[in-house]
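S.K.: Right, I'll just put the structure down here and ask away after.
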Amino acid sequence: MATTIKSTDLDFDTIKNNLKVFLAQKPEFADYNFEASGLSNLLDVLAYNTHYNGLLANFALNESFLSTAQLRSSIVGLAGGLGYTVGSRKASFSVVNLSVTNNDNPSSITMPAGTRFSTIVNSKSYTFQTRDTVTAFSDGTGLYKFTLDGNRNIPIYEGVTRRKTFIAGPASENDTYVIPVNNLDLDTVTVKVYNSVSSNDFTLYTNIINSTTINSNSVIYVVKESPNGYYELTFGNGVRLGKTPQPGDKIEVDYTTVSGPEANGSKSFVPEATLDGKTINVTTVSGSSSGSYKEELESVRKNAPFQWSAQNRMVTAQDYAALILRNFSNVITDIKSWGGEDNVPTKYGSIFVSMVFGTDDPVVIANTKADILTLAKDLSVASFNVEFVDPVETYLEVATVIQFNPTLTSASQTSIESDVKEAMQTYFDTNLGGFSQSFRRSNMLTDIDSKDNSILSSRADIKMQNRFVPSPTTPLQTVVYSAAISAPLDDGYVIQSDTFYYNGKVCVLRNLLESSIIQVIEVSTGLPLVDNIGSYSATDGTVSLVNFTGTLITGSYIRITALPANPSVINPLRSSIIRYDAQASRARAVLTDTL
């Protein structure tokens, strides 16, 4: 049977060998010594050419699909084809109280948008500014406190405002206007179109993602990242997709360039100028946070298909998550949504949304939630109620034991144990901390085993931990874990807690062996002080405490640990997030002389 060349083999040596096998079947090359002849050089050239072209074809094919592309330019272009706008850098912002003292007693004082404040983070100076015009009224003592919509908490955003001006060309050319920066914040872009270069009258255009209706009279624009990292501004075609600037019109684009997360962490701001000769007093309510770099590639891969399916309307739970994240990514770092049919307990007619915010400021969080409800009212097709659920954080305690052969390394046992702890921390930092991110013990152990040649094997015991704040006035208190809890054991405790005071005695919580009943155990005697204070549900991953009146000994919470039903894989559901308790985790090396 004839042997054919396998075109799928891209290895150089394999390609060359296939060519030899193919030629050896020809009568004229029977018993031919390919290695000792000039033909070997020709085979090298053919194999190299085949190998090179095969790799190019493979790379080109990979870059043609969103799920396999590796270059940012490819992913940005493919996402754009789905109508997805890749997230830009986001400005860090802080919440402050602003005031001035003016003994002239004017009726009010106005602070214009763009008032600037300076700060220093890691020895580098940054500029923050207001984005809204705020007004202050006297409190009767000459002190004027500025408010925004009646609230004293005023956000200031990092960044420098810039302007780019274009002159519209012929409509037939369908111009694309390039903003030559790669660090602008898309949320700050405003577009004005003037009838001529000398005109003072302008039309304010609207970003297409904020438009609910588009027709021939719509004044809309599209601004998105281009493959080279800059930003492109385009308009409608002037027929069905909105108006287009006429030849000779002046297009004025204002935007802010930002540093992203580099400006996070500041708590002190100094005004760069006075306000009508009066010093601006600044009190920081919350330090700067929420600054971020451009959207990461894996995030684009995940979100672009969801937004494509959403088509700017809210129908499925995924639609809600995609559109909320698109509109509020400056304050939301992660989001999870699910329908009422998947909730526990079931609640039809509702969409549940859980979010991780990039700020702790309660005013910003409350305003964002109110704006989300308004957005849902505008875009939802069905009349679903949007309900917000706080994220449920489950911490994992990891006890790792490694077999360590000291003859295979110059490092000490203490150093190796430290390396193992570092590998555990790195695994959690890289793979966990967000919604729908699962813990896989085998993957963590693989990282540990590869840390040093002297680590011959490893194993890890896993405990789930919840941080419980007792409330003696609440009859029923429930602790929720990210996954199912182990069934009762006959040789060990599934549920255990830190110490606390109960009726003046130091106690712990612990389940009864071979039972899901939870008892209050007095530490000094080891005997039950309360035979039944509640129970745990293995399948639901919950611990229920009835009439629990324990109080804290130290700290602000009681840690309650539970053995997971499946310690190999812990898949968080709905609003659950898995985090790592490094202080409660440990690594121990067991010496061995085997290989």
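Convention: chains lettered A, B, ... in structure tokens order; per-chain residue numbering from 1; ligands numbered from 1 as shown.
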Enumerate as a ChimeraX atom specification all residues of segment 362-516 of chain A assigned to helix (DSSP H, G or I) by DSSP on the backbone, naming them with the chain letters and numbers the document uses.

M.R.: /A:362-379,406-408,413-431,441-449

S.K.: Convert the current residue selection to file output with N, CA and C atoms, as a short mmCIF file (atom, residue, chain, number, x, y, z; two decimals), in the first residue's frame.

M.R.:
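Resulting contents of selection_35.cif:
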```cif
data_model
loop_
_atom_site.label_atom_id
_atom_site.label_comp_id
_atom_site.auth_asym_id
_atom_site.auth_seq_id
_atom_site.Cartn_x
_atom_site.Cartn_y
_atom_site.Cartn_z
N PRO A 362 -20.57 53.77 50.32
CA PRO A 362 -21.98 53.37 50.27
C PRO A 362 -22.83 54.24 49.36
N VAL A 363 -22.46 55.51 49.22
CA VAL A 363 -23.24 56.41 48.36
C VAL A 363 -23.06 56.01 46.90
N VAL A 364 -21.82 55.74 46.49
CA VAL A 364 -21.57 55.33 45.11
C VAL A 364 -22.29 54.02 44.81
N ILE A 365 -22.23 53.07 45.76
CA ILE A 365 -22.89 51.77 45.56
C ILE A 365 -24.39 51.94 45.45
N ALA A 366 -24.98 52.77 46.33
CA ALA A 366 -26.43 52.98 46.31
C ALA A 366 -26.86 53.66 45.01
N ASN A 367 -26.10 54.67 44.57
CA ASN A 367 -26.44 55.36 43.32
C ASN A 367 -26.32 54.43 42.11
N THR A 368 -25.30 53.57 42.12
CA THR A 368 -25.12 52.62 41.01
C THR A 368 -26.30 51.66 40.94
N LYS A 369 -26.74 51.16 42.07
CA LYS A 369 -27.88 50.24 42.08
C LYS A 369 -29.15 50.93 41.58
N ALA A 370 -29.32 52.20 41.96
CA ALA A 370 -30.49 52.95 41.48
C ALA A 370 -30.42 53.14 39.96
N ASP A 371 -29.22 53.43 39.45
CA ASP A 371 -29.06 53.60 38.00
C ASP A 371 -29.28 52.29 37.26
N ILE A 372 -28.90 51.17 37.88
CA ILE A 372 -29.13 49.85 37.25
C ILE A 372 -30.62 49.59 37.12
N LEU A 373 -31.38 49.92 38.14
CA LEU A 373 -32.84 49.73 38.08
C LEU A 373 -33.44 50.58 36.96
N THR A 374 -32.93 51.80 36.78
CA THR A 374 -33.40 52.65 35.70
C THR A 374 -33.05 52.06 34.34
N LEU A 375 -31.83 51.55 34.21
CA LEU A 375 -31.41 50.91 32.96
C LEU A 375 -32.27 49.70 32.65
N ALA A 376 -32.56 48.88 33.66
CA ALA A 376 -33.38 47.71 33.46
C ALA A 376 -34.80 48.09 33.02
N LYS A 377 -35.28 49.18 33.56
CA LYS A 377 -36.62 49.64 33.17
C LYS A 377 -36.67 50.04 31.71
N ASP A 378 -35.55 50.60 31.20
CA ASP A 378 -35.49 51.04 29.80
C ASP A 378 -35.28 49.89 28.84
N LEU A 379 -34.50 48.88 29.23
CA LEU A 379 -34.06 47.86 28.28
C LEU A 379 -34.70 46.50 28.45
N PRO A 406 15.89 16.26 50.81
CA PRO A 406 16.85 17.37 50.92
C PRO A 406 18.10 17.18 50.07
N THR A 407 18.36 15.93 49.61
CA THR A 407 19.57 15.71 48.80
C THR A 407 19.40 16.22 47.37
N LEU A 408 18.18 16.59 46.98
CA LEU A 408 17.93 17.03 45.62
C LEU A 408 17.91 18.55 45.48
N GLN A 413 14.70 23.11 54.50
CA GLN A 413 13.31 22.67 54.65
C GLN A 413 12.39 23.87 54.86
N THR A 414 12.83 24.84 55.66
CA THR A 414 12.01 26.04 55.89
C THR A 414 11.78 26.80 54.60
N SER A 415 12.82 26.90 53.78
CA SER A 415 12.70 27.60 52.51
C SER A 415 11.73 26.89 51.57
N ILE A 416 11.79 25.56 51.54
CA ILE A 416 10.88 24.80 50.69
C ILE A 416 9.44 24.98 51.15
N GLU A 417 9.22 24.94 52.46
CA GLU A 417 7.87 25.15 52.98
C GLU A 417 7.36 26.55 52.62
N SER A 418 8.25 27.52 52.66
CA SER A 418 7.88 28.89 52.27
C SER A 418 7.52 28.94 50.79
N ASP A 419 8.27 28.20 49.96
CA ASP A 419 7.97 28.15 48.53
C ASP A 419 6.61 27.53 48.27
N VAL A 420 6.27 26.51 49.04
CA VAL A 420 4.98 25.86 48.88
C VAL A 420 3.85 26.83 49.24
N LYS A 421 4.02 27.56 50.33
CA LYS A 421 3.01 28.56 50.70
C LYS A 421 2.86 29.62 49.61
N GLU A 422 3.97 30.01 49.01
CA GLU A 422 3.92 30.99 47.92
C GLU A 422 3.17 30.42 46.72
N ALA A 423 3.40 29.12 46.42
CA ALA A 423 2.70 28.50 45.30
C ALA A 423 1.20 28.43 45.56
N MET A 424 0.81 28.17 46.81
CA MET A 424 -0.61 28.14 47.16
C MET A 424 -1.23 29.52 46.98
N GLN A 425 -0.54 30.55 47.48
CA GLN A 425 -1.04 31.91 47.35
C GLN A 425 -1.17 32.31 45.89
N THR A 426 -0.17 31.98 45.09
CA THR A 426 -0.20 32.33 43.67
C THR A 426 -1.36 31.64 42.95
N TYR A 427 -1.61 30.38 43.30
CA TYR A 427 -2.72 29.66 42.67
C TYR A 427 -4.04 30.37 42.93
N PHE A 428 -4.27 30.75 44.18
CA PHE A 428 -5.54 31.40 44.51
C PHE A 428 -5.62 32.79 43.89
N ASP A 429 -4.52 33.54 43.90
CA ASP A 429 -4.52 34.87 43.30
C ASP A 429 -4.83 34.81 41.81
N THR A 430 -4.35 33.76 41.14
CA THR A 430 -4.49 33.66 39.69
C THR A 430 -5.84 33.10 39.28
N ASN A 431 -6.37 32.15 40.03
CA ASN A 431 -7.51 31.37 39.56
C ASN A 431 -8.81 31.62 40.30
N ARG A 441 -8.25 21.08 43.38
CA ARG A 441 -7.11 20.72 44.20
C ARG A 441 -5.95 20.17 43.38
N SER A 442 -6.25 19.36 42.36
CA SER A 442 -5.18 18.75 41.57
C SER A 442 -4.35 19.80 40.86
N ASN A 443 -4.99 20.88 40.39
CA ASN A 443 -4.24 21.95 39.72
C ASN A 443 -3.30 22.65 40.70
N MET A 444 -3.78 22.88 41.92
CA MET A 444 -2.93 23.51 42.92
C MET A 444 -1.75 22.61 43.28
N LEU A 445 -2.01 21.32 43.43
CA LEU A 445 -0.94 20.40 43.78
C LEU A 445 0.09 20.27 42.64
N THR A 446 -0.37 20.38 41.41
CA THR A 446 0.56 20.37 40.28
C THR A 446 1.51 21.55 40.36
N ASP A 447 0.96 22.73 40.70
CA ASP A 447 1.82 23.91 40.85
C ASP A 447 2.81 23.72 41.99
N ILE A 448 2.37 23.09 43.06
CA ILE A 448 3.26 22.86 44.21
C ILE A 448 4.38 21.90 43.83
N ASP A 449 4.01 20.80 43.15
CA ASP A 449 5.01 19.79 42.78
C ASP A 449 6.09 20.35 41.86
#
```

S.K.: Show me a table, sorted first by chain and then by increasing residue number, of the residues of segment 236-350 of chain A having an atom at most 8 Å from segment 177-189 of chain A, each with its shortest atom pair and the distance in Å to one decimal, counting only C-alpha atoms and written as JSON lines.

M.R.:
```
{"residue": "A:Val253", "atom": "CA", "partner": "A:Val189", "partner_atom": "CA", "distance": 6.9}
{"residue": "A:Asp254", "atom": "CA", "partner": "A:Val189", "partner_atom": "CA", "distance": 5.6}
{"residue": "A:Tyr255", "atom": "CA", "partner": "A:Val189", "partner_atom": "CA", "distance": 4.5}
{"residue": "A:Thr256", "atom": "CA", "partner": "A:Leu184", "partner_atom": "CA", "distance": 5.5}
{"residue": "A:Thr257", "atom": "CA", "partner": "A:Leu184", "partner_atom": "CA", "distance": 4.1}
{"residue": "A:Val258", "atom": "CA", "partner": "A:Leu184", "partner_atom": "CA", "distance": 5.9}
{"residue": "A:Ser259", "atom": "CA", "partner": "A:Asn183", "partner_atom": "CA", "distance": 7.2}
```

S.K.: Given the selection you just returned, output its residues as a file containing C-alpha atoms, formatted as a short mmCIF file (atom, residue, chain, number, x, y, z; two decimals), in the first residue's frame.

M.R.:
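Output saved as result_10.cif:
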```cif
data_model
loop_
_atom_site.label_atom_id
_atom_site.label_comp_id
_atom_site.auth_asym_id
_atom_site.auth_seq_id
_atom_site.Cartn_x
_atom_site.Cartn_y
_atom_site.Cartn_z
CA VAL A 253 -13.90 65.53 20.70
CA ASP A 254 -13.24 66.01 24.41
CA TYR A 255 -11.85 63.09 26.41
CA THR A 256 -9.75 62.32 29.47
CA THR A 257 -6.51 60.36 29.49
CA VAL A 258 -6.11 58.35 32.70
CA SER A 259 -3.47 56.31 34.50
#
```

S.K.: What are the DSSP strand (DSSP E) residues of segment 326-473 of chain A, as number ranges by chain?

M.R.: A: 332-339, 350-357, 385-388, 392-404, 439-440, 455-468

S.K.: Residues as selected, C-alpha atoms, written as a PDB file, in the first residue's frame, can you do that?

M.R.:
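Saved result, part.pdb, follows:
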```pdb
ATOM      1  CA  ILE A 332     -18.196  47.092  39.069  1.00  0.00           C
ATOM      2  CA  THR A 333     -15.308  44.650  38.802  1.00  0.00           C
ATOM      3  CA  ASP A 334     -17.331  41.421  38.538  1.00  0.00           C
ATOM      4  CA  ILE A 335     -20.983  40.461  38.161  1.00  0.00           C
ATOM      5  CA  LYS A 336     -23.181  37.379  38.304  1.00  0.00           C
ATOM      6  CA  SER A 337     -26.886  37.111  37.480  1.00  0.00           C
ATOM      7  CA  TRP A 338     -29.411  34.289  37.550  1.00  0.00           C
ATOM      8  CA  GLY A 339     -33.137  33.814  37.116  1.00  0.00           C
ATOM      9  CA  SER A 350     -37.284  38.083  39.404  1.00  0.00           C
ATOM     10  CA  ILE A 351     -33.732  38.459  38.172  1.00  0.00           C
ATOM     11  CA  PHE A 352     -31.074  38.265  40.860  1.00  0.00           C
ATOM     12  CA  VAL A 353     -27.859  40.244  40.435  1.00  0.00           C
ATOM     13  CA  SER A 354     -24.750  40.021  42.580  1.00  0.00           C
ATOM     14  CA  MET A 355     -21.844  42.435  42.055  1.00  0.00           C
ATOM     15  CA  VAL A 356     -18.330  43.050  43.296  1.00  0.00           C
ATOM     16  CA  PHE A 357     -17.727  46.797  43.534  1.00  0.00           C
ATOM     17  CA  ASN A 385     -38.022  42.552  39.230  1.00  0.00           C
ATOM     18  CA  VAL A 386     -34.298  43.133  39.684  1.00  0.00           C
ATOM     19  CA  GLU A 387     -33.108  42.067  43.130  1.00  0.00           C
ATOM     20  CA  PHE A 388     -29.578  42.658  44.396  1.00  0.00           C
ATOM     21  CA  VAL A 392     -21.203  35.304  49.660  1.00  0.00           C
ATOM     22  CA  GLU A 393     -17.528  34.785  50.440  1.00  0.00           C
ATOM     23  CA  THR A 394     -16.292  31.346  51.424  1.00  0.00           C
ATOM     24  CA  TYR A 395     -12.664  31.128  52.533  1.00  0.00           C
ATOM     25  CA  LEU A 396     -10.632  27.976  52.060  1.00  0.00           C
ATOM     26  CA  GLU A 397      -8.165  26.704  54.624  1.00  0.00           C
ATOM     27  CA  VAL A 398      -5.513  24.499  53.017  1.00  0.00           C
ATOM     28  CA  ALA A 399      -3.241  22.143  54.965  1.00  0.00           C
ATOM     29  CA  THR A 400      -0.578  20.859  52.576  1.00  0.00           C
ATOM     30  CA  VAL A 401       1.912  18.089  53.295  1.00  0.00           C
ATOM     31  CA  ILE A 402       4.807  17.433  50.900  1.00  0.00           C
ATOM     32  CA  GLN A 403       7.396  14.696  50.671  1.00  0.00           C
ATOM     33  CA  PHE A 404      10.744  16.451  50.539  1.00  0.00           C
ATOM     34  CA  PHE A 439     -11.132  25.539  43.122  1.00  0.00           C
ATOM     35  CA  ARG A 440      -9.429  22.415  41.760  1.00  0.00           C
ATOM     36  CA  ILE A 455       9.263  18.012  46.177  1.00  0.00           C
ATOM     37  CA  LEU A 456       8.423  14.409  45.314  1.00  0.00           C
ATOM     38  CA  SER A 457       4.690  14.421  46.056  1.00  0.00           C
ATOM     39  CA  SER A 458       2.033  16.445  47.830  1.00  0.00           C
ATOM     40  CA  ARG A 459      -1.411  16.204  49.304  1.00  0.00           C
ATOM     41  CA  ALA A 460      -3.799  18.784  50.772  1.00  0.00           C
ATOM     42  CA  ASP A 461      -6.702  18.749  53.208  1.00  0.00           C
ATOM     43  CA  ILE A 462      -9.360  21.377  52.495  1.00  0.00           C
ATOM     44  CA  LYS A 463     -11.774  23.123  54.830  1.00  0.00           C
ATOM     45  CA  MET A 464     -14.412  25.707  53.905  1.00  0.00           C
ATOM     46  CA  GLN A 465     -14.594  28.655  56.270  1.00  0.00           C
ATOM     47  CA  ASN A 466     -17.318  31.220  56.787  1.00  0.00           C
ATOM     48  CA  ARG A 467     -16.987  34.316  58.922  1.00  0.00           C
ATOM     49  CA  PHE A 468     -20.062  34.541  61.109  1.00  0.00           C
TER      50      PHE A 468
END
```

S.K.: With distances taken over only C-alpha atoms, which of A:Ser575, A:Thr133, A:Thr127, A:Asn330 is nearest to Thr147 of chain A?

M.R.: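 The shortest atom-to-atom distance to Thr147 of chain A comes from A:Thr133.
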
S.K.: Using only C-alpha atoms, find the one residue out of A:Ser329, A:Leu275, A:Val479, A:Ala382 that sits nearest to Ala317 of chain A.

M.R.: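 Residue with the minimum atom-to-atom distance to Ala317 of chain A: A:Ala382.
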
S.K.: Excluding Ile154 of chain A and any residue of its chain fewer than 2 positions from it, enumerate the residues within 9 Å of it, using only C-alpha atoms, and give them as a PDB file with N, CA and C atoms, in the first residue's frame.

M.R.:
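To be explicit, this is the file written out as around20.pdb:
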```pdb
ATOM      1  N   SER A  94     -12.131  59.153  43.788  1.00  0.00           N
ATOM      2  CA  SER A  94     -12.238  59.261  45.238  1.00  0.00           C
ATOM      3  C   SER A  94     -13.493  60.074  45.563  1.00  0.00           C
ATOM      4  N   VAL A  95     -14.014  59.861  46.758  1.00  0.00           N
ATOM      5  CA  VAL A  95     -15.173  60.629  47.211  1.00  0.00           C
ATOM      6  C   VAL A  95     -14.704  61.587  48.302  1.00  0.00           C
ATOM      7  N   VAL A  96     -15.026  62.858  48.129  1.00  0.00           N
ATOM      8  CA  VAL A  96     -14.553  63.888  49.057  1.00  0.00           C
ATOM      9  C   VAL A  96     -15.693  64.819  49.447  1.00  0.00           C
ATOM     10  N   ASN A  97     -15.489  65.536  50.543  1.00  0.00           N
ATOM     11  CA  ASN A  97     -16.343  66.662  50.929  1.00  0.00           C
ATOM     12  C   ASN A  97     -15.562  67.939  50.652  1.00  0.00           C
ATOM     13  N   LEU A  98     -16.214  68.914  50.000  1.00  0.00           N
ATOM     14  CA  LEU A  98     -15.563  70.161  49.622  1.00  0.00           C
ATOM     15  C   LEU A  98     -16.291  71.343  50.261  1.00  0.00           C
ATOM     16  N   THR A 130     -13.140  67.331  39.276  1.00  0.00           N
ATOM     17  CA  THR A 130     -14.585  67.113  39.323  1.00  0.00           C
ATOM     18  C   THR A 130     -15.126  66.998  37.899  1.00  0.00           C
ATOM     19  N   ASP A 132     -18.605  67.353  37.529  1.00  0.00           N
ATOM     20  CA  ASP A 132     -19.907  68.016  37.607  1.00  0.00           C
ATOM     21  C   ASP A 132     -19.736  69.390  38.234  1.00  0.00           C
ATOM     22  N   VAL A 134     -20.861  71.913  40.902  1.00  0.00           N
ATOM     23  CA  VAL A 134     -21.496  71.756  42.217  1.00  0.00           C
ATOM     24  C   VAL A 134     -21.700  73.134  42.841  1.00  0.00           C
ATOM     25  N   PHE A 146     -20.215  72.279  49.603  1.00  0.00           N
ATOM     26  CA  PHE A 146     -20.678  71.938  48.256  1.00  0.00           C
ATOM     27  C   PHE A 146     -21.441  70.609  48.266  1.00  0.00           C
ATOM     28  N   THR A 147     -22.488  70.568  47.454  1.00  0.00           N
ATOM     29  CA  THR A 147     -23.305  69.352  47.340  1.00  0.00           C
ATOM     30  C   THR A 147     -23.555  69.029  45.873  1.00  0.00           C
ATOM     31  N   LEU A 148     -23.762  67.756  45.601  1.00  0.00           N
ATOM     32  CA  LEU A 148     -24.129  67.281  44.274  1.00  0.00           C
ATOM     33  C   LEU A 148     -25.444  66.533  44.403  1.00  0.00           C
ATOM     34  N   ASN A 151     -26.255  65.886  47.937  1.00  0.00           N
ATOM     35  CA  ASN A 151     -25.360  65.005  48.697  1.00  0.00           C
ATOM     36  C   ASN A 151     -23.994  65.659  48.830  1.00  0.00           C
ATOM     37  N   ARG A 152     -23.439  65.626  50.024  1.00  0.00           N
ATOM     38  CA  ARG A 152     -22.130  66.250  50.247  1.00  0.00           C
ATOM     39  C   ARG A 152     -20.992  65.414  49.692  1.00  0.00           C
ATOM     40  N   ILE A 156     -14.371  62.774  42.694  1.00  0.00           N
ATOM     41  CA  ILE A 156     -13.366  63.408  41.845  1.00  0.00           C
ATOM     42  C   ILE A 156     -12.595  62.299  41.134  1.00  0.00           C
TER      43      ILE A 156
END
```

S.K.: Could you check how far atom CA of Leu42 of chain A sits from atom CA of Leu56 of chain A, in Å to one decimal?

M.R.: 21.2 Å

S.K.: Counting only C-alpha atoms, what is within 6 Å of segment 211-223 of chain A, bar same-chain residues fewer than 4 positions away, as a ChimeraX atom specification?

M.R.: /A:205-207,232-235,239-243

S.K.: Would you mind exporting the chosen residues as a PDB file, in the first residue's frame, restricted to C-alpha atoms?

M.R.:
```
ATOM      1  CA  TYR A 205     -23.866  63.639  19.611  1.00  0.00           C
ATOM      2  CA  THR A 206     -24.711  60.566  21.737  1.00  0.00           C
ATOM      3  CA  ASN A 207     -22.752  57.352  22.074  1.00  0.00           C
ATOM      4  CA  GLU A 232     -11.517  55.410  16.186  1.00  0.00           C
ATOM      5  CA  LEU A 233     -14.536  57.705  15.942  1.00  0.00           C
ATOM      6  CA  THR A 234     -17.207  57.032  13.302  1.00  0.00           C
ATOM      7  CA  PHE A 235     -20.722  58.288  12.564  1.00  0.00           C
ATOM      8  CA  VAL A 239     -29.574  57.396   5.707  1.00  0.00           C
ATOM      9  CA  ARG A 240     -30.911  54.876   8.232  1.00  0.00           C
ATOM     10  CA  LEU A 241     -28.190  54.778  10.861  1.00  0.00           C
ATOM     11  CA  GLY A 242     -28.183  58.381  12.056  1.00  0.00           C
ATOM     12  CA  LYS A 243     -26.908  61.688  10.759  1.00  0.00           C
TER      13      LYS A 243
END
```

S.K.: What does the distance between atom CA of Tyr84 of chain A and atom CA of Tyr320 of chain A come to in Å, to one decimal place?

M.R.: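 Going from atom CA of Tyr84 of chain A over to atom CA of Tyr320 of chain A, I get 15.2 Å.
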
S.K.: Pick the closest to Gly265 of chain A from A:Tyr126, A:Tyr536, A:Tyr32, A:Tyr48: which is it, counting only C-alpha atoms?

M.R.: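 Answer, going by the shortest atom-to-atom distance: A:Tyr126.
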
S.K.: Here is a test: counting only C-alpha atoms, which residue of A:Phe34, A:Tyr293, A:Tyr493, A:Phe306 is nearest to Ala79 of chain A?

M.R.: A:Phe306

S.K.: Give me the residues near Glu252 of chain A as a PyMOL selection string, where near means some atom within 10 Å (using only C-alpha atoms) and where sequence neighbours in that chain fewer than 5 positions away do not count.

M.R.: chain A and resi 163-167+190-194+202+204

S.K.: Show which residues sit within 12 Å of Leu527 of chain A, as a list in words. Count only C-alpha atoms, and ignore same-chain residues fewer than 2 positions away.

M.R.: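 Everything that qualifies: Val506, Cys507, Val508, Leu509, Arg510, Leu512, Gln519, Val520, Ile521, Glu522, Val523, Ser524, Thr525, Leu529, Val530 and Asp531 of chain A.
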
S.K.: Restricting the calculation to only C-alpha atoms, which member of A:Thr499, A:Asn532, A:Asn405, A:Ser486 is positioned closest to Asp593 of chain A?

M.R.: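 Among the listed residues, the smallest separation from Asp593 of chain A belongs to A:Asn405.
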
S.K.: Name all residues at most 7 Å from segment 266-271 of chain A (count only C-alpha atoms; drop same-chain ones fewer than 4 positions away) and give them as a tab-separated table (two decimals) with C-alpha atoms, in the first residue's frame.

M.R.:
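Result written to part.tsv:
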```
chain	number	residue	atom	x	y	z
A	116	ARG	CA	-8.45	70.13	39.77
A	117	PHE	CA	-6.78	68.51	42.77
A	118	SER	CA	-3.34	66.94	43.00
A	119	THR	CA	-2.15	63.91	44.94
A	120	ILE	CA	0.87	61.62	45.17
A	121	VAL	CA	0.82	57.82	44.92
A	280	ILE	CA	-10.93	74.96	48.92
A	282	VAL	CA	-10.92	68.97	51.12
A	284	THR	CA	-11.51	62.62	51.99
A	287	GLY	CA	-9.57	56.91	49.08
A	288	SER	CA	-9.08	56.61	45.34
```
